[in-house]
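> One structure, pasted below without further comment.
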Amino acid sequence: MKKLFCLIVLLTCFGLTCEAQNLPTVVERLPNGDLIVSVEGREYRALTPESTRAILERKAELDRVTRERDLLVSKVENLSAQLAVARREVEIADRQRAIEAERAEAFRAQFEAESAARKRLEELVGKRGRVSRFLDNPWVKGAALVLPVIGMWRR
């Protein structure tokens, strides 16, 4: 039993000695309470619960802002697509307006030509109207009826 006890004591001592080499050592204390520790030659930062909460809050804020940014990017893409459609509609409307302007110009030119032709015709009809008035005179009508009859009697 003595040997067993000695063996346990020796193993415990060697075990403590080995663990002692791996214990962290504080390299620096930061103003916010965080520690910079060194373990086996590598430095790590030990955070206080307040720092951990602040990091988690910042991460949650980052996630929220990232989702919001993604939503805004999708809205911008949607609005860009709508803008492209609106531009195409404006182009189509401009083409239709140009076609309608050409049609209106053609109609105006045709109207002016017809109007000029109508004025010339009215001038001609006005001269013919004088002749027509002369022929509508009852004396002229009577003479037109009597002259052929007189011509038949002379034969």
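Just so we're on the same page: first chain in the structure tokens is A, next is B, and so on; residues restart at 1 for each chain, and ligands are numbered from 1 in the order they show up.
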Enumerate as a ChimeraX atom specification all residues of stretch 2-149 of chain A assigned to alpha helix (DSSP H) by DSSP on the backbone, naming them with the chain letters and numbers the document uses.

/A:2-22,49-136,138-149

> Among stretch 7-152 of chain A, which ones does DSSP place in strand (DSSP E or B), written as a VMD selection string?

chain A and resid 25 to 29 35 to 39 42 to 46

> Could you build a table of the residues in stretch 64-125 of chain A lying no more than 12 Å from stretch 36-59 of chain A, giving for each the nearest pair of atoms and their separation in Å rounded to one decimal place, using only C-alpha atoms, ordered by chain and ascending residue number, as a Markdown table?


```
| residue | atom | partner | partner_atom | distance |
| --- | --- | --- | --- | --- |
| A:Arg64 | CA | A:Lys59 | CA | 8.6 |
| A:Val65 | CA | A:Lys59 | CA | 9.7 |
| A:Thr66 | CA | A:Lys59 | CA | 10.3 |
```

> Using the selection just defined, write its residues with C-alpha atoms as a PDB file, in the first residue's frame.


```
ATOM      1  CA  ARG A  64     -30.032  43.291 -39.148  1.00  0.00           C
ATOM      2  CA  VAL A  65     -28.186  45.815 -41.283  1.00  0.00           C
ATOM      3  CA  THR A  66     -27.131  43.075 -43.722  1.00  0.00           C
TER       4      THR A  66
END
```

> How many Å lie between atom CA of A:Gln82 and atom CA of A:Gln96, rounded to one decimal?

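These two atoms are separated by 20.8 Å.
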
> Suppose you want the space between atom CA of A:Phe107 and atom CA of A:Ala93; what is it in Å?

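Separation between atom CA of A:Phe107 and atom CA of A:Ala93: 20.4 Å.
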
> So how many Å separate atom CA of A:Ala109 and atom CA of A:Asp94, to one decimal?

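Interatomic distance, atom CA of A:Ala109 to atom CA of A:Asp94: 22.3 Å.
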